[in-house]
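J.: This is the structure I have questions about; it appears just below.
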Amino acid sequence: METQASRLENAQVKKALLAGNYVNVEDLQRAEQYSKDNHTSMVDFLLQENIISNDTLGQAMAEHFSVTYADLNTYPPSREQVLRIPERIGSASRVVLFKEAKGKVTVATDNPKRPDLATSIQNALGVKDVTIAYGLPDDVDAALRHYRKPLTTRFAEILAGKHRIAPELFDAILGDALNARASDVHFDAQDKEVVIRFRIDGVLHEAGRIPKIYYENLLNRVKVQSHLRIDEHYATQDGAMRVEHGGRLVDLRVSIAPTLDGEKIVLRLLGEYVKNFTLTDLGVASHDLGKVYDAIEKPFGMIIVCGPTGSGKTTTLYGILRMLNRPEVNIATIEDPVEYKVLGLNQIQVNADTNLTFATGLRSIARQDPDVIMVGEIRDQETADISVNAALTGHLLLSTFHANDAATAIPRLMEMGVEPFLLASTLELLVAQRLVRKLCEACRFSEPTSLADLEKRLPAAKHWFHGRTLLYHAKGCAECGGTGYKGRTGIFEFIHVTNELKERIPTQPSSSDIWRTAKKLGARSLFEDGIEKVLNGVTTLEELLRVATPAQ
């Protein structure tokens, strides 16, 4: 999927950053080498390594174009502002109204040198004084979304046109899902219509409805593009498709299941930007990040990430793999499915039809001279045994495991049949995680809250809050679709398996015993990590309580 970085040319960025002394030559050389090795933009490296921020990039590019910088992220234009410029000009010229006062306007665009742009704005708004400013491509995109009509309105227009209905319906749905940063799109067949729902930040929202008579063609289009059987209506089918939308290549995972009212489609949108996330981006605190570095510096051992389905476990593993992904390191993965294709990794897709399971794939990988192995999930004793043996024989092994918390993973693995002394020899780091919605920064506000009020929501509030506490809320705005939340972050529980814990594992301790020992060694629970994010204004107490409870 096209990213902001991919739309900024390396030569242009290099010139802009050097001219303003925003980076040194050594960092730029490292960024250029990264760009060459990974076939991507220098900006990816510079942002990932925190050498520059988005605002620094915006300021440098503005100076390069000899204009001012419009921080559209901190000061997003309202819908009314955006619509002041006619859509034919705004969309075509990628320009939005940033400020307006007493006959003077400032507009923002990611191409300030576009010919006749000032004249177009003067004629459209009836003003003489027009200042052109630079806005980052992603921020301009976010503002231009205000031009989009509601999905239901566009459905009516497409159906009235009676021309290429299925392709146009699918394109409209996919476009809205991408703009809303939805993770999944549900097509729910009912008696007379099909309900379209988007999962945004973990919560389903209805996006629109179409008459059922048009659904069969849409369903068949999805099946054909996913290489599934169009004559099969009573069995589940899974596939994948890649489509182009608005200049982007979008990877979709497709699941089709028969229901009483017809076949249901669920599309998983695989965000290309996710594979470049750092653990810091994902919400890992600096003191926990040190535990990860300690674990990956070991020549062998196991790192296990625990949590329910949809809690971001695989994304965290990719964040760790990104730290390890160097030319001198041979990394192999076995996944079901391969969600993010990453340059430099040898990725294998599980295939039941050819008996390529986690266990058989893992055996083959072990003979491929790997340094690091990632197993998508430990599901059974065979996979667990092979994983432990791989970690014992000089490999760093990463995997996910279904357990409610980090401490529970150890007794669960032993119940699966793994010998306790082998676990003690191989486990290096246990991580548990959940995802919480982040407060919208555009409409977030703080409010003093008394301990008495907090105890109404959390009876044991005095353990985490003292006196009046400043908590954050959000009003809801156009940026967040009125929800008050925009994006998600992780809350984490890290157990570094120290020598003291390794000595306890062969005695087959309970999960509560393991947690008590880990707690004495400095481990924090999911809830405690979440409380820190609540106090820092990242999320709300209500959102934390939705996904986690205080440790007993």
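Labels used: A, B, ... for chains in the order of the structure tokens, numbers from 1 for residues in each chain, and numbers from 1 for ligands as shown.
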Applying 12 Å and only C-alpha atoms, which residues near Glu500 in chain A remain after dropping the ones on its own chain fewer than 6 positions away? List them as a list in words.
T.: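 Near Glu500 in chain A, the qualifying residues are Ala424, Pro506, Ile514, Arg516, Thr517, Ala518, Lys520 and Leu521 of chain A.
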J.: Residues at most 7 Å from Ser255 in chain A, counting only C-alpha atoms, excluding those fewer than 5 positions away in the same chain, as number ranges by chain?
T.: A: 237-239, 265-267
J.: Calculated over only C-alpha atoms, which of the candidates A:Lys102, A:Ser183, A:Ile210, A:Cys477 has the smallest distance to Phe198 in chain A?
T.: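 Residue with the minimum atom-to-atom distance to Phe198 in chain A: A:Ser183.
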J.: Looking at only C-alpha atoms, which of A:Glu428, A:Asp55, A:Glu63, A:Glu543 is the one that sits closest to Ala295 in chain A?
T.: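 Checking each of A:Glu428, A:Asp55, A:Glu63, A:Glu543 against Ala295 in chain A, counting only C-alpha atoms, the winner is A:Glu428.
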J.: Please, which residues of range 353-498 of chain A, numbered as in this document, come out helix (DSSP H, G or I) from DSSP, as JSON, numbers by chain?
T.: {"A": [353, 354, 358, 359, 360, 361, 362, 363, 364, 365, 366, 381, 382, 383, 384, 385, 386, 387, 388, 389, 390, 391, 392, 409, 410, 411, 412, 413, 414, 415, 420, 421, 422, 423, 424, 425, 426, 451, 452, 453, 454, 455, 456, 457, 461, 462, 463]}
J.: When you look at Val95 in chain A with a cut-off of 8 Å (counting only C-alpha atoms), what residues show up, excluding the ones that are within fewer than 5 positions of it in the same chain? I need them as a compact mmCIF listing (two decimals) with N, CA, C and O atoms, in the first residue's frame.
T.:
```
# COMPACT_ATOMS: atom_id res chain seq x y z
N ILE A 89 -11.68 21.60 -7.58
CA ILE A 89 -10.38 22.24 -7.39
C ILE A 89 -9.62 21.55 -6.25
O ILE A 89 -8.44 21.22 -6.38
N GLY A 90 -10.31 21.32 -5.14
CA GLY A 90 -9.66 20.74 -3.98
C GLY A 90 -9.06 19.38 -4.25
O GLY A 90 -7.89 19.12 -3.94
N VAL A 107 -3.90 28.41 2.20
CA VAL A 107 -4.28 27.06 1.78
C VAL A 107 -3.05 26.16 1.88
O VAL A 107 -1.90 26.62 1.79
N ALA A 108 -3.29 24.87 2.10
CA ALA A 108 -2.20 23.90 2.25
C ALA A 108 -2.29 22.86 1.14
O ALA A 108 -3.38 22.41 0.78
N THR A 109 -1.12 22.49 0.61
CA THR A 109 -1.04 21.48 -0.44
C THR A 109 0.31 20.80 -0.35
O THR A 109 1.27 21.37 0.19
N ASP A 110 0.40 19.59 -0.88
CA ASP A 110 1.70 18.91 -0.90
C ASP A 110 2.46 19.18 -2.20
O ASP A 110 3.52 18.61 -2.44
N VAL A 140 -2.89 15.98 4.03
CA VAL A 140 -3.75 16.49 2.96
C VAL A 140 -4.82 15.43 2.62
O VAL A 140 -6.00 15.75 2.46
```
J.: Give the answer as one residue: which of A:Lys15, A:Asp336, A:Gly537, A:Ile200 has the shortest atom-to-atom distance to Asn351 in chain A, using only C-alpha atoms?
T.: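 Among the listed residues, A:Asp336 lies closest to Asn351 in chain A.
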J.: What's the 7 Å shell around Leu471 in chain A, counting only C-alpha atoms, without same-chain residues fewer than 6 positions away, as a PyMOL selection string?
T.: chain A and resi 446-449+535+537
J.: Take the selection from the previous step and output its residues with C-alpha atoms, as a CSV table (one decimal), in the first residue's frame.
T.:
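The resulting part_36.csv:
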```
chain,number,residue,atom,x,y,z
A,446,SER,CA,-8.3,17.0,30.3
A,447,GLU,CA,-10.6,17.1,33.3
A,448,PRO,CA,-9.7,16.9,37.1
A,449,THR,CA,-11.4,13.9,38.6
A,535,LEU,CA,-2.6,9.0,33.1
A,537,GLY,CA,-3.8,10.8,28.1
```
J.: Quick one: of A:Pro370, A:Pro167, A:Gly262, A:Pro550, who's nearest to Val194 in chain A, counting only C-alpha atoms?
T.: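 Selected residue with least distance to Val194 in chain A: A:Gly262.
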J.: Which residues come within 12 Å of Thr469 in chain A, counting only C-alpha atoms, excluding same-chain residues fewer than 3 positions away, as a list of chain:residue names?
T.: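 My list of contacting residues is A:Ser446, A:Glu447, A:Pro448, A:Thr449, A:Ser450, A:Leu451, A:Ala452, A:Asp453, A:Leu454, A:Ala461, A:Lys462, A:Trp464, A:Phe465, A:His466, A:Tyr472, A:Val534, A:Leu535, A:Asn536, A:Gly537, A:Leu541.
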J.: Using N, CA, C and O atoms, can you write the selected residues to a file as a CSV table (one decimal), in the first residue's frame?
T.:
```csv
chain,number,residue,atom,x,y,z
A,446,SER,N,-8.6,17.5,28.9
A,446,SER,CA,-8.3,17.0,30.3
A,446,SER,C,-9.4,17.5,31.3
A,446,SER,O,-10.0,18.6,31.1
A,447,GLU,N,-9.6,16.7,32.3
A,447,GLU,CA,-10.6,17.1,33.3
A,447,GLU,C,-10.1,16.6,34.7
A,447,GLU,O,-9.9,15.4,34.8
A,448,PRO,N,-10.1,17.4,35.7
A,448,PRO,CA,-9.7,16.9,37.1
A,448,PRO,C,-10.8,16.0,37.6
A,448,PRO,O,-12.0,16.3,37.4
A,449,THR,N,-10.4,14.8,38.2
A,449,THR,CA,-11.4,13.9,38.6
A,449,THR,C,-11.0,13.5,40.0
A,449,THR,O,-9.9,13.2,40.4
A,450,SER,N,-12.0,13.4,40.9
A,450,SER,CA,-11.8,13.1,42.3
A,450,SER,C,-11.7,11.6,42.5
A,450,SER,O,-12.1,10.8,41.7
A,451,LEU,N,-11.0,11.2,43.6
A,451,LEU,CA,-10.9,9.8,43.9
A,451,LEU,C,-12.2,9.1,44.1
A,451,LEU,O,-12.4,8.0,43.8
A,452,ALA,N,-13.2,9.9,44.7
A,452,ALA,CA,-14.5,9.3,44.9
A,452,ALA,C,-15.2,9.0,43.6
A,452,ALA,O,-15.8,7.9,43.5
A,453,ASP,N,-15.0,9.8,42.6
A,453,ASP,CA,-15.6,9.6,41.3
A,453,ASP,C,-14.9,8.4,40.6
A,453,ASP,O,-15.6,7.5,40.0
A,454,LEU,N,-13.6,8.3,40.8
A,454,LEU,CA,-12.9,7.2,40.2
A,454,LEU,C,-13.3,5.8,40.9
A,454,LEU,O,-13.4,4.8,40.2
A,461,ALA,N,-9.6,2.0,43.2
A,461,ALA,CA,-8.9,3.1,42.5
A,461,ALA,C,-7.7,3.7,43.3
A,461,ALA,O,-6.7,4.2,42.7
A,462,LYS,N,-7.8,3.6,44.7
A,462,LYS,CA,-6.8,4.2,45.5
A,462,LYS,C,-5.4,3.6,45.3
A,462,LYS,O,-4.4,4.2,45.7
A,464,TRP,N,-4.1,3.1,42.5
A,464,TRP,CA,-3.4,3.6,41.3
A,464,TRP,C,-3.5,5.2,41.2
A,464,TRP,O,-2.8,5.8,40.5
A,465,PHE,N,-4.5,5.7,41.9
A,465,PHE,CA,-4.8,7.2,41.8
A,465,PHE,C,-4.7,7.8,43.2
A,465,PHE,O,-5.1,7.1,44.2
A,466,HIS,N,-4.3,9.0,43.3
A,466,HIS,CA,-4.2,9.7,44.6
A,466,HIS,C,-4.8,11.1,44.5
A,466,HIS,O,-4.4,11.9,43.7
A,472,TYR,N,-8.2,12.3,30.9
A,472,TYR,CA,-8.5,12.8,29.6
A,472,TYR,C,-9.7,12.1,29.0
A,472,TYR,O,-10.0,11.0,29.2
A,534,VAL,N,-3.4,5.7,30.6
A,534,VAL,CA,-4.6,6.5,31.0
A,534,VAL,C,-4.1,7.8,31.6
A,534,VAL,O,-4.6,8.9,31.2
A,535,LEU,N,-3.1,7.8,32.5
A,535,LEU,CA,-2.6,9.0,33.1
A,535,LEU,C,-1.9,9.9,32.1
A,535,LEU,O,-1.9,11.1,32.3
A,536,ASN,N,-1.3,9.3,31.0
A,536,ASN,CA,-0.6,10.1,30.0
A,536,ASN,C,-1.6,10.6,28.9
A,536,ASN,O,-1.1,11.2,28.0
A,537,GLY,N,-2.9,10.3,29.0
A,537,GLY,CA,-3.8,10.8,28.1
A,537,GLY,C,-3.9,10.0,26.8
A,537,GLY,O,-4.4,10.5,25.8
A,541,LEU,N,-10.0,5.5,31.0
A,541,LEU,CA,-10.1,4.4,32.0
A,541,LEU,C,-11.2,3.5,31.6
A,541,LEU,O,-11.1,2.2,31.7
```
J.: Taking only C-alpha atoms into account, which of A:Cys443, A:Lys456, A:Lys264, A:Gly290 comes nearest Tyr75 in chain A?
T.: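 For Tyr75 in chain A, the nearest of the given residues is A:Cys443.
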J.: Tell me which protein, DNA and RNA residues are within 9 Å of Leu174 in chain A, counting only C-alpha atoms, leaving out same-chain ones fewer than 5 positions away, and put them as a list in words.
T.: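 So, after excluding close chain neighbours, the residues are Leu169, Asn179, Val185 and His245 of chain A.
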J.: Could you tell me, as JSON, numbers by chain, which residues of range 10-215 of chain A DSSP assigns to strand (DSSP E or B) when given the backbone?
T.: {"A": [68, 69, 95, 96, 97, 98, 99, 100, 101, 104, 105, 106, 107, 108, 109, 129, 130, 131, 132, 133, 134, 184, 185, 186, 187, 188, 189, 193, 194, 195, 196, 197, 198, 199, 200, 203, 204, 205, 206, 207, 208, 209, 210, 211]}
J.: What lies within 12 Å of Gly126 in chain A using only C-alpha atoms, ignoring chain neighbours under 3 positions off, as a PyMOL selection string?
T.: chain A and resi 84-85+102-105+118-123+129-130
J.: Keeping only all heavy atoms, take the residues you just selected and write them out as an mmCIF file, in the first residue's frame.
T.:
```cif
data_model
loop_
_atom_site.group_PDB
_atom_site.id
_atom_site.type_symbol
_atom_site.label_atom_id
_atom_site.label_comp_id
_atom_site.auth_asym_id
_atom_site.auth_seq_id
_atom_site.Cartn_x
_atom_site.Cartn_y
_atom_site.Cartn_z
ATOM 1 N N ARG A 84 -15.260 24.701 1.633
ATOM 2 C CA ARG A 84 -15.243 26.075 1.101
ATOM 3 C C ARG A 84 -14.587 26.111 -0.281
ATOM 4 O O ARG A 84 -14.924 26.945 -1.117
ATOM 5 C CB ARG A 84 -14.483 26.998 2.056
ATOM 6 C CG ARG A 84 -15.253 27.378 3.305
ATOM 7 C CD ARG A 84 -16.111 28.621 3.106
ATOM 8 N NE ARG A 84 -15.308 29.828 3.021
ATOM 9 C CZ ARG A 84 -15.298 30.673 2.000
ATOM 10 N NH1 ARG A 84 -16.044 30.438 0.937
ATOM 11 N NH2 ARG A 84 -14.537 31.764 2.026
ATOM 12 N N ILE A 85 -13.648 25.206 -0.514
ATOM 13 C CA ILE A 85 -13.027 25.097 -1.839
ATOM 14 C C ILE A 85 -13.792 24.036 -2.619
ATOM 15 O O ILE A 85 -13.958 22.912 -2.134
ATOM 16 C CB ILE A 85 -11.541 24.696 -1.728
ATOM 17 C CG1 ILE A 85 -10.751 25.779 -0.977
ATOM 18 C CG2 ILE A 85 -10.927 24.459 -3.108
ATOM 19 C CD1 ILE A 85 -9.297 25.428 -0.731
ATOM 20 N N LYS A 102 -10.421 38.010 7.378
ATOM 21 C CA LYS A 102 -10.488 39.345 6.772
ATOM 22 C C LYS A 102 -10.001 39.366 5.321
ATOM 23 O O LYS A 102 -9.121 40.143 4.946
ATOM 24 C CB LYS A 102 -9.667 40.336 7.608
ATOM 25 C CG LYS A 102 -10.195 40.522 9.016
ATOM 26 C CD LYS A 102 -9.351 41.498 9.820
ATOM 27 C CE LYS A 102 -9.894 41.668 11.226
ATOM 28 N NZ LYS A 102 -9.052 42.588 12.039
ATOM 29 N N GLY A 103 -10.572 38.495 4.526
ATOM 30 C CA GLY A 103 -10.247 38.495 3.103
ATOM 31 C C GLY A 103 -8.910 37.868 2.764
ATOM 32 O O GLY A 103 -8.480 37.910 1.607
ATOM 33 N N LYS A 104 -8.235 37.307 3.754
ATOM 34 C CA LYS A 104 -6.959 36.633 3.511
ATOM 35 C C LYS A 104 -7.119 35.143 3.808
ATOM 36 O O LYS A 104 -7.727 34.777 4.815
ATOM 37 C CB LYS A 104 -5.854 37.211 4.407
ATOM 38 C CG LYS A 104 -5.558 38.683 4.175
ATOM 39 C CD LYS A 104 -4.462 39.163 5.115
ATOM 40 C CE LYS A 104 -4.151 40.647 4.896
ATOM 41 N NZ LYS A 104 -3.064 41.116 5.802
ATOM 42 N N VAL A 105 -6.600 34.321 2.943
ATOM 43 C CA VAL A 105 -6.696 32.876 3.173
ATOM 44 C C VAL A 105 -5.310 32.239 3.047
ATOM 45 O O VAL A 105 -4.456 32.716 2.294
ATOM 46 C CB VAL A 105 -7.674 32.183 2.194
ATOM 47 C CG1 VAL A 105 -9.072 32.729 2.336
ATOM 48 C CG2 VAL A 105 -7.190 32.289 0.758
ATOM 49 N N ALA A 118 -2.782 29.624 -7.018
ATOM 50 C CA ALA A 118 -3.256 30.814 -6.310
ATOM 51 C C ALA A 118 -4.421 31.469 -7.052
ATOM 52 O O ALA A 118 -5.414 31.895 -6.446
ATOM 53 C CB ALA A 118 -2.121 31.811 -6.132
ATOM 54 N N THR A 119 -4.316 31.516 -8.394
ATOM 55 C CA THR A 119 -5.394 32.126 -9.203
ATOM 56 C C THR A 119 -6.689 31.342 -9.052
ATOM 57 O O THR A 119 -7.780 31.915 -8.927
ATOM 58 C CB THR A 119 -4.973 32.174 -10.678
ATOM 59 O OG1 THR A 119 -3.752 32.910 -10.794
ATOM 60 C CG2 THR A 119 -6.049 32.831 -11.519
ATOM 61 N N SER A 120 -6.583 30.003 -9.047
ATOM 62 C CA SER A 120 -7.777 29.155 -8.896
ATOM 63 C C SER A 120 -8.464 29.417 -7.564
ATOM 64 O O SER A 120 -9.701 29.506 -7.488
ATOM 65 C CB SER A 120 -7.393 27.672 -8.991
ATOM 66 O OG SER A 120 -6.853 27.365 -10.246
ATOM 67 N N ILE A 121 -7.666 29.555 -6.503
ATOM 68 C CA ILE A 121 -8.242 29.801 -5.176
ATOM 69 C C ILE A 121 -8.850 31.202 -5.108
ATOM 70 O O ILE A 121 -9.934 31.402 -4.533
ATOM 71 C CB ILE A 121 -7.164 29.627 -4.083
ATOM 72 C CG1 ILE A 121 -6.597 28.200 -4.107
ATOM 73 C CG2 ILE A 121 -7.723 29.951 -2.712
ATOM 74 C CD1 ILE A 121 -7.622 27.113 -3.876
ATOM 75 N N GLN A 122 -8.183 32.175 -5.705
ATOM 76 C CA GLN A 122 -8.721 33.541 -5.718
ATOM 77 C C GLN A 122 -10.091 33.573 -6.386
ATOM 78 O O GLN A 122 -11.042 34.179 -5.868
ATOM 79 C CB GLN A 122 -7.760 34.472 -6.466
ATOM 80 C CG GLN A 122 -6.495 34.807 -5.698
ATOM 81 C CD GLN A 122 -5.487 35.563 -6.551
ATOM 82 O OE1 GLN A 122 -5.603 35.602 -7.771
ATOM 83 N NE2 GLN A 122 -4.484 36.162 -5.897
ATOM 84 N N ASN A 123 -10.215 32.912 -7.518
ATOM 85 C CA ASN A 123 -11.488 32.901 -8.255
ATOM 86 C C ASN A 123 -12.564 32.119 -7.501
ATOM 87 O O ASN A 123 -13.731 32.499 -7.483
ATOM 88 C CB ASN A 123 -11.289 32.299 -9.642
ATOM 89 C CG ASN A 123 -10.402 33.167 -10.518
ATOM 90 O OD1 ASN A 123 -10.292 34.383 -10.306
ATOM 91 N ND2 ASN A 123 -9.760 32.576 -11.513
ATOM 92 N N ASP A 129 -5.945 37.963 -1.524
ATOM 93 C CA ASP A 129 -4.732 37.628 -0.773
ATOM 94 C C ASP A 129 -4.712 36.129 -0.449
ATOM 95 O O ASP A 129 -5.424 35.664 0.442
ATOM 96 C CB ASP A 129 -4.690 38.455 0.515
ATOM 97 C CG ASP A 129 -3.304 38.421 1.166
ATOM 98 O OD1 ASP A 129 -2.540 37.489 0.865
ATOM 99 O OD2 ASP A 129 -3.007 39.325 1.966
ATOM 100 N N VAL A 130 -3.927 35.359 -1.192
ATOM 101 C CA VAL A 130 -3.843 33.901 -1.005
ATOM 102 C C VAL A 130 -2.399 33.524 -0.669
ATOM 103 O O VAL A 130 -1.469 33.853 -1.410
ATOM 104 C CB VAL A 130 -4.288 33.133 -2.268
ATOM 105 C CG1 VAL A 130 -4.070 31.631 -2.078
ATOM 106 C CG2 VAL A 130 -5.748 33.432 -2.573
#
```
J.: Would you mind telling me which residue in A:Leu249, A:Val431, A:Leu279, A:Ala177 lies nearest to Glu49 in chain A when using only C-alpha atoms?
T.: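 Smallest separation from Glu49 in chain A among the options: A:Leu279.
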J.: How many Å lie between CA of Arg197 in chain A and CA of Pro150 in chain A, rounded to one decimal?
T.: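 These atoms are spaced 13.5 Å apart.
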J.: CA of Leu470 in chain A and CA of Cys440 in chain A, how far apart in Å?
T.: 16.9 Å
J.: Which distance in Å separates CA of Gly307 in chain A and CA of Leu526 in chain A, to one decimal?
T.: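 We find that CA of Gly307 in chain A and CA of Leu526 in chain A lie 10.9 Å from each other.
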